Amino acid sequence: MGIYLPIAEMSVNMLVLLAMGAAVGFLSGMFGVGGGFLITPLLIFYNIPPAIAVATGANQVIASSVSGSLAHFKRGTIDFKLGTVLLAGGVVGSSLGAVVFAFLRAYGQLDLIVSLLYVFFLGAVGGMMLIESVNAIRRSRGGAVASLKKSGQHNWIHRLPLKMRFRASKLFVSVIPVLGLGAAIGFLAAIMGVGGGFIMVPALIYLLKVPTNVVIGTSLFQIMFVTAYTTIVQATFNQTVDLVLALLLMIGGVAGAQYGAKVGQKLKGEQLRALLGALVMAVALRLAFDLFVAPGNVYLLSTPVGM
Amino acid sequence: MARRAIIPLLLTSLLGAPMPSLAQETIPESIQIGLSTDRVTITSDFSGAALTIFGAVDNPDPQISRQGGYDVIVVLEGPSAPVVVWRRARVLGVWVNAQSETFVNIPVSYSVATTKVLQDIAGQTSYRQLSLGASYLYLEPENREGDPARITEFTAALRARKLETGLYSENVGGVQFLSQTLFRATLNLPPNVPVGTHKARAFLFRGGVFIKETSANLAIVKAGFEQTVYRAAHDYSLLYGIFAVVLAMLVGWLGRIIFRRD
């Protein structure tokens with residue numbers, strides 16, 4: 001079933017987009033990631049112009065993260081205080097990221113930088129999560145209690161000043177690393193056109209030692225606002241948000257997100273981390289393949305910037 | 001599922017046929033095309049279309065006509081835009097955009113229909129002079145003083161990419177004579193056809209010699225809803241963005257209510 005996209009100015013298959021949205025929504029609800037890191041490459045792979053894929057992807061992620069957040073809100077697995085502090089840092093970071101984005105685009109190397117960032121971060125995050133979670137699964141099979149929160153274990157992060165208590169996360173840490181983390185992720189997210197959940201989730205788990213079940217809800221809560229901000233910025237300055245495309249992806253996405261959240265609830269924390277790690281690794285490898293393997297065609301057409 | 005947008009043409013100039021032979025030598029042949037509409041709308045179910053244009057040859061020589069000596073090439077040329085062609089190369093094992101060449105005034109789309117294979121109609125020189133045909137169309141580099149070998153290479157790459165994406169196409173046999181004077185041309189509008197003013201041009205050849213050209217404008221526009229969305233995105237960007245966010249939140253909330261699984 002063909003449908004014409006008014007902003008992308010091309011005709012696409014409606015069913016493919018609905019299915020794409022549903023698949024990404026499912027994973028999004030399950031892992032607490034917005035799914036931007038999946039939807040953006042998928043759209044580009046489906047020949048949607050990259051600028052439109054990035055902006056519209058962000059718009060779609062709002063819907064699935066609202067849907068997912070509501071599910072977590074009901075379960076009480078959102079730390080609003082932590083989410084708000086992360087968001088404050090995130091807004092600063094993503095504004096800075098948007099400036100760097102425009103700068104790279106003017107030099108014609110944006111695609112390369114974005115691909116390299118994707119491969120590096122997805123590869124590093126996915127690899128670390130896989131190793132850690134597989135070890136945790138092994139340990140729990142061996143009879144030991146699998147827990148990331150070892151009492152009495154403190155790293156340098158816990159010695160910083162301006163401590164704040166995050167009750168829902170059972171956390172008492174300085175706001176500096178929380179704000180910094182939010183800003184760093186916001187910065188990367190703006191350049192890569194994603195909400196940053198796939199970095200946020202492991203960072204909260206491994207750096208701040210937030211319990212896995214709270215991480216997912218909090219991450220979704222935070223992503224909802226970051227992507228709303230990104231959508232408005234992209235729509236205002238680049239006119240690259242395609243409402244028809246976004247709506248198709250959203251409809252598939254919100255349905256998938258509820259089923260995903262349900263499945264995610266049944267899995268243990270370390271299993272969830274292992275699966276997310278594997279998924280992130282798979283996307284990284286797919287993108288690395290394009291970077292390192294000879295392309296089918298060495299020539300590429302693009303429109304000059306600023307015209 | 002190519003929708004067929006037929007643009008029948010009003011062609012009143014069939015007067016050529018029964019002319020006395022004396023007049024035939026003095027009045028040269030010419031070509032006419034006319035579009036019944038000057039606008040094609042793209043609706044939400046658009047997935048490419050075949051565009052039919054009718055036309056006629058005026059004052060044809062019946063003898064040449066009978067021998068199939070007349071050939072017609074019809075072109076639908078899309079709006080022009082600058083294009084950057086990148087050549088990728090391996091740097092430290094990674095494929096990067098290494099060299100680029102900018103071209104100006106490149107038709108975004110270029111669809112050709114002919115009576116025969118191009119080589120059988122006229123020589124390459126005529127096509128180059130006329131800038132006619134996907135393979136001969138003149139592609140203007142921004143820097144004309146650049147290395148000629150390099151320009152040739154990038155020009156060929158630009159043509160090849162355009163043909164691969166279906167934006168440039170050639171439909172051999174797409175022009176058929178219905179009578180001695182009347183012809184019908186079928187052109188492809190790809191699913192990603194650009195909106196804007198397109199130019200339909202018809203070229204008449206007699207025995208391999210170019211005789212006459214005619215043209216007509218055709219606007220390809222988005223239909224009501226698509227156009228409204230497009231205009232809203234450009235004229236009221238901020239409001240459009242806020243609307244997109246509110247819509248997404250609404251869909252997310254509704255999705256939660258409809259599909260909730262806990």
# chains A, B, ... in the order shown; residues from 1 in each chain; ligands from 1
>>> residues_around(residues="stretch 86-94 of chain A", least_positions_apart="5", cutoff="10 Å", atoms="only C-alpha atoms", output="PyMOL selection string")
chain A and resi 80-81+99-101+175-191+193+195-196+200+218-219+221-226+229-230
>>> write_last_selection(atoms="N, CA, C and O atoms", output="tab-separated table (two decimals), in the first residue's frame")
chain	number	residue	atom	x	y	z
A	80	PHE	N	11.45	10.46	39.30
A	80	PHE	CA	11.22	11.77	38.67
A	80	PHE	C	12.33	12.77	38.98
A	80	PHE	O	12.70	13.56	38.13
A	81	LYS	N	12.83	12.69	40.20
A	81	LYS	CA	13.86	13.65	40.60
A	81	LYS	C	15.13	13.43	39.77
A	81	LYS	O	15.70	14.36	39.21
A	99	VAL	N	24.55	22.85	17.49
A	99	VAL	CA	25.50	23.79	16.87
A	99	VAL	C	26.59	23.00	16.13
A	99	VAL	O	26.92	23.28	14.98
A	100	VAL	N	27.13	21.99	16.81
A	100	VAL	CA	28.18	21.15	16.20
A	100	VAL	C	27.63	20.41	14.98
A	100	VAL	O	28.32	20.25	13.97
A	101	PHE	N	26.37	19.99	15.05
A	101	PHE	CA	25.70	19.30	13.95
A	101	PHE	C	25.72	20.17	12.70
A	101	PHE	O	26.10	19.73	11.61
A	175	VAL	N	25.22	15.89	42.53
A	175	VAL	CA	24.49	16.20	41.29
A	175	VAL	C	25.44	16.42	40.12
A	175	VAL	O	25.02	16.38	38.97
A	176	ILE	N	26.73	16.66	40.41
A	176	ILE	CA	27.67	16.96	39.32
A	176	ILE	C	27.74	15.84	38.28
A	176	ILE	O	27.54	16.10	37.10
A	177	PRO	N	27.99	14.59	38.69
A	177	PRO	CA	28.04	13.55	37.65
A	177	PRO	C	26.69	13.34	36.96
A	177	PRO	O	26.65	13.00	35.77
A	178	VAL	N	25.60	13.56	37.68
A	178	VAL	CA	24.27	13.36	37.07
A	178	VAL	C	24.03	14.40	35.99
A	178	VAL	O	23.63	14.08	34.86
A	179	LEU	N	24.34	15.67	36.31
A	179	LEU	CA	24.18	16.75	35.33
A	179	LEU	C	25.13	16.53	34.15
A	179	LEU	O	24.75	16.68	32.99
A	180	GLY	N	26.37	16.15	34.48
A	180	GLY	CA	27.39	15.93	33.44
A	180	GLY	C	26.97	14.82	32.50
A	180	GLY	O	27.10	14.93	31.27
A	181	LEU	N	26.46	13.74	33.07
A	181	LEU	CA	26.01	12.61	32.27
A	181	LEU	C	24.87	13.04	31.34
A	181	LEU	O	24.87	12.73	30.15
A	182	GLY	N	23.93	13.80	31.92
A	182	GLY	CA	22.82	14.29	31.11
A	182	GLY	C	23.30	15.15	29.96
A	182	GLY	O	22.86	14.98	28.81
A	183	ALA	N	24.27	16.02	30.24
A	183	ALA	CA	24.79	16.92	29.20
A	183	ALA	C	25.53	16.15	28.12
A	183	ALA	O	25.33	16.38	26.92
A	184	ALA	N	26.39	15.21	28.53
A	184	ALA	CA	27.17	14.43	27.56
A	184	ALA	C	26.25	13.64	26.64
A	184	ALA	O	26.44	13.61	25.42
A	185	ILE	N	25.23	13.05	27.23
A	185	ILE	CA	24.31	12.24	26.42
A	185	ILE	C	23.48	13.15	25.52
A	185	ILE	O	23.25	12.83	24.36
A	186	GLY	N	23.05	14.28	26.05
A	186	GLY	CA	22.30	15.23	25.24
A	186	GLY	C	23.09	15.70	24.03
A	186	GLY	O	22.56	15.80	22.92
A	187	PHE	N	24.37	15.92	24.23
A	187	PHE	CA	25.27	16.37	23.16
A	187	PHE	C	25.36	15.31	22.06
A	187	PHE	O	25.14	15.59	20.88
A	188	LEU	N	25.66	14.10	22.46
A	188	LEU	CA	25.77	13.00	21.49
A	188	LEU	C	24.44	12.76	20.79
A	188	LEU	O	24.37	12.55	19.58
A	189	ALA	N	23.36	12.82	21.59
A	189	ALA	CA	22.04	12.55	21.05
A	189	ALA	C	21.69	13.53	19.95
A	189	ALA	O	21.14	13.14	18.92
A	190	ALA	N	22.05	14.79	20.14
A	190	ALA	CA	21.71	15.79	19.13
A	190	ALA	C	22.47	15.53	17.83
A	190	ALA	O	21.92	15.67	16.74
A	191	ILE	N	23.74	15.13	17.94
A	191	ILE	CA	24.53	14.87	16.73
A	191	ILE	C	24.06	13.59	16.04
A	191	ILE	O	23.97	13.53	14.82
A	193	GLY	N	21.12	12.21	16.39
A	193	GLY	CA	19.68	12.21	16.12
A	193	GLY	C	18.93	11.15	16.88
A	193	GLY	O	18.02	10.53	16.36
A	195	GLY	N	17.51	9.79	21.07
A	195	GLY	CA	17.19	10.25	22.42
A	195	GLY	C	18.31	9.98	23.39
A	195	GLY	O	18.44	10.61	24.42
A	196	GLY	N	19.13	9.00	23.07
A	196	GLY	CA	20.29	8.69	23.91
A	196	GLY	C	20.04	7.59	24.94
A	196	GLY	O	20.89	7.34	25.78
A	200	MET	N	22.19	6.12	27.96
A	200	MET	CA	21.66	6.46	29.29
A	200	MET	C	21.45	5.23	30.16
A	200	MET	O	21.85	5.20	31.32
A	218	THR	N	12.92	5.67	34.23
A	218	THR	CA	13.51	7.01	34.32
A	218	THR	C	14.08	7.45	32.97
A	218	THR	O	13.93	8.59	32.56
A	219	SER	N	14.73	6.50	32.31
A	219	SER	CA	15.31	6.80	30.99
A	219	SER	C	14.21	7.19	30.00
A	219	SER	O	14.34	8.18	29.29
A	221	PHE	N	11.27	8.41	30.67
A	221	PHE	CA	10.71	9.69	31.11
A	221	PHE	C	11.57	10.83	30.59
A	221	PHE	O	11.08	11.83	30.05
A	222	GLN	N	12.87	10.66	30.70
A	222	GLN	CA	13.82	11.67	30.28
A	222	GLN	C	13.84	11.82	28.76
A	222	GLN	O	13.84	12.92	28.22
A	223	ILE	N	13.82	10.69	28.05
A	223	ILE	CA	13.86	10.67	26.58
A	223	ILE	C	12.67	11.41	25.98
A	223	ILE	O	12.80	12.13	24.99
A	224	MET	N	11.52	11.23	26.63
A	224	MET	CA	10.30	11.89	26.18
A	224	MET	C	10.53	13.40	25.99
A	224	MET	O	10.13	13.98	25.00
A	225	PHE	N	11.21	14.01	26.97
A	225	PHE	CA	11.43	15.45	26.90
A	225	PHE	C	12.56	15.82	25.94
A	225	PHE	O	12.45	16.80	25.22
A	226	VAL	N	13.61	15.02	25.95
A	226	VAL	CA	14.73	15.31	25.04
A	226	VAL	C	14.26	15.26	23.59
A	226	VAL	O	14.57	16.14	22.79
A	229	TYR	N	12.05	18.17	22.61
A	229	TYR	CA	12.90	19.34	22.37
A	229	TYR	C	13.54	19.24	20.98
A	229	TYR	O	13.50	20.19	20.19
A	230	THR	N	14.12	18.08	20.67
A	230	THR	CA	14.76	17.86	19.36
A	230	THR	C	13.77	18.07	18.22
A	230	THR	O	14.09	18.71	17.22
>>> interface_residues(of="chain B", to="chain A", cutoff="8 Å", atoms="only C-alpha atoms", output="JSON, numbers by chain")
{"B": [42, 43, 44, 45, 46, 47, 48, 82, 83, 84, 85, 86, 87, 88, 89, 93, 94, 95, 96, 97, 102, 157, 158, 161, 191, 192, 193, 194, 195, 222, 226, 227, 229, 230, 233, 234, 237, 238, 240, 241, 242, 244, 245, 248, 249, 250, 251, 252, 253, 255, 256, 259, 260, 261, 262]}
>>> select_by_dssp(residues="stretch 213-251 of chain B", states="strand (DSSP E or B)", output="PyMOL selection string")
chain B and resi 213-222
>>> write_last_selection(atoms="N, CA and C atoms", output="PDB file, in the first residue's frame")
ATOM      1  N   GLU B 213      11.451  21.672 -32.799  1.00  0.00           N
ATOM      2  CA  GLU B 213      11.193  21.348 -31.400  1.00  0.00           C
ATOM      3  C   GLU B 213      10.026  22.168 -30.907  1.00  0.00           C
ATOM      4  N   THR B 214       9.267  21.597 -29.969  1.00  0.00           N
ATOM      5  CA  THR B 214       8.186  22.365 -29.354  1.00  0.00           C
ATOM      6  C   THR B 214       8.141  21.994 -27.874  1.00  0.00           C
ATOM      7  N   SER B 215       7.561  22.852 -27.071  1.00  0.00           N
ATOM      8  CA  SER B 215       7.519  22.509 -25.647  1.00  0.00           C
ATOM      9  C   SER B 215       6.266  23.049 -24.980  1.00  0.00           C
ATOM     10  N   ALA B 216       5.948  22.467 -23.844  1.00  0.00           N
ATOM     11  CA  ALA B 216       4.802  22.905 -23.051  1.00  0.00           C
ATOM     12  C   ALA B 216       5.138  22.691 -21.585  1.00  0.00           C
ATOM     13  N   ASN B 217       4.624  23.538 -20.718  1.00  0.00           N
ATOM     14  CA  ASN B 217       4.915  23.386 -19.293  1.00  0.00           C
ATOM     15  C   ASN B 217       3.858  22.570 -18.584  1.00  0.00           C
ATOM     16  N   LEU B 218       4.322  21.837 -17.607  1.00  0.00           N
ATOM     17  CA  LEU B 218       3.424  20.994 -16.822  1.00  0.00           C
ATOM     18  C   LEU B 218       3.824  21.171 -15.361  1.00  0.00           C
ATOM     19  N   ALA B 219       2.855  21.526 -14.516  1.00  0.00           N
ATOM     20  CA  ALA B 219       3.166  21.688 -13.097  1.00  0.00           C
ATOM     21  C   ALA B 219       2.813  20.404 -12.370  1.00  0.00           C
ATOM     22  N   ILE B 220       3.750  19.888 -11.586  1.00  0.00           N
ATOM     23  CA  ILE B 220       3.436  18.738 -10.742  1.00  0.00           C
ATOM     24  C   ILE B 220       3.336  19.272  -9.327  1.00  0.00           C
ATOM     25  N   VAL B 221       2.159  19.137  -8.752  1.00  0.00           N
ATOM     26  CA  VAL B 221       1.928  19.727  -7.428  1.00  0.00           C
ATOM     27  C   VAL B 221       1.374  18.682  -6.478  1.00  0.00           C
ATOM     28  N   LYS B 222       1.549  18.945  -5.197  1.00  0.00           N
ATOM     29  CA  LYS B 222       0.979  18.050  -4.197  1.00  0.00           C
ATOM     30  C   LYS B 222      -0.505  18.357  -4.076  1.00  0.00           C
TER      31      LYS B 222
END
>>> select_by_dssp(residues="stretch 89-264 of chain A", states="alpha helix (DSSP H)", output="PyMOL selection string")
chain A and resi 89-106+110-141+175-192+197-202+212-238+243-264
>>> residues_around(residues="stretch 129-138 of chain B", least_positions_apart="3", cutoff="10 Å", atoms="only C-alpha atoms", output="ChimeraX atom specification")
/B:73-75,105-107,109-114,118,124-126,141,155-156,159-160,162-163,168-170,201,203,210,213
>>> residues_around(residues="stretch 64-68 of chain B", least_positions_apart="3", cutoff="7 Å", atoms="only C-alpha atoms", output="mmCIF file with N, CA and C atoms, in the first residue's frame")
data_model
loop_
_atom_site.group_PDB
_atom_site.id
_atom_site.type_symbol
_atom_site.label_atom_id
_atom_site.label_comp_id
_atom_site.auth_asym_id
_atom_site.auth_seq_id
_atom_site.Cartn_x
_atom_site.Cartn_y
_atom_site.Cartn_z
ATOM 1 N N PRO B 60 3.441 16.722 -42.858
ATOM 2 C CA PRO B 60 4.425 15.674 -43.159
ATOM 3 C C PRO B 60 4.401 15.329 -44.642
ATOM 4 N N ASP B 61 5.534 14.894 -45.147
ATOM 5 C CA ASP B 61 5.598 14.396 -46.516
ATOM 6 C C ASP B 61 5.057 12.974 -46.469
ATOM 7 N N GLN B 180 -0.501 8.979 -39.772
ATOM 8 C CA GLN B 180 0.665 9.620 -40.374
ATOM 9 C C GLN B 180 1.114 10.839 -39.601
#
>>> atom_distance(atom1="atom CA of A:Lys209", atom2="atom CA of A:Ala278")
20.9 Å
>>> residues_around(residues="stretch 34-51 of chain A", least_positions_apart="4", cutoff="6 Å", atoms="only C-alpha atoms", output="list in words")
Val24, Ser28, Gly57, Val61, Ser65, Val194 and Gly197 of chain A
>>> write_last_selection(atoms="N, CA and C atoms", output="short mmCIF file (atom, residue, chain, number, x, y, z; two decimals), in the first residue's frame")
data_model
loop_
_atom_site.label_atom_id
_atom_site.label_comp_id
_atom_site.auth_asym_id
_atom_site.auth_seq_id
_atom_site.Cartn_x
_atom_site.Cartn_y
_atom_site.Cartn_z
N VAL A 24 10.32 -1.68 16.38
CA VAL A 24 11.15 -0.80 17.20
C VAL A 24 10.44 -0.46 18.52
N SER A 28 11.68 -0.96 22.27
CA SER A 28 11.73 0.24 23.08
C SER A 28 11.04 0.04 24.43
N GLY A 57 12.43 10.55 13.20
CA GLY A 57 12.71 9.50 14.18
C GLY A 57 12.49 10.04 15.59
N VAL A 61 9.83 8.75 18.46
CA VAL A 61 10.30 8.27 19.77
C VAL A 61 9.48 8.90 20.92
N SER A 65 7.94 6.65 23.86
CA SER A 65 8.41 6.85 25.22
C SER A 65 7.29 7.33 26.15
N VAL A 194 19.33 10.91 18.12
CA VAL A 194 18.64 9.90 18.93
C VAL A 194 18.33 10.49 20.30
N GLY A 197 18.88 6.94 24.85
CA GLY A 197 18.55 5.90 25.82
C GLY A 197 19.57 4.77 25.87
#
>>> closest_residue(among="B:Val117, B:Leu76, B:Ala98, B:Ala56", to="B:Phe177", atoms="only C-alpha atoms")
B:Ala56
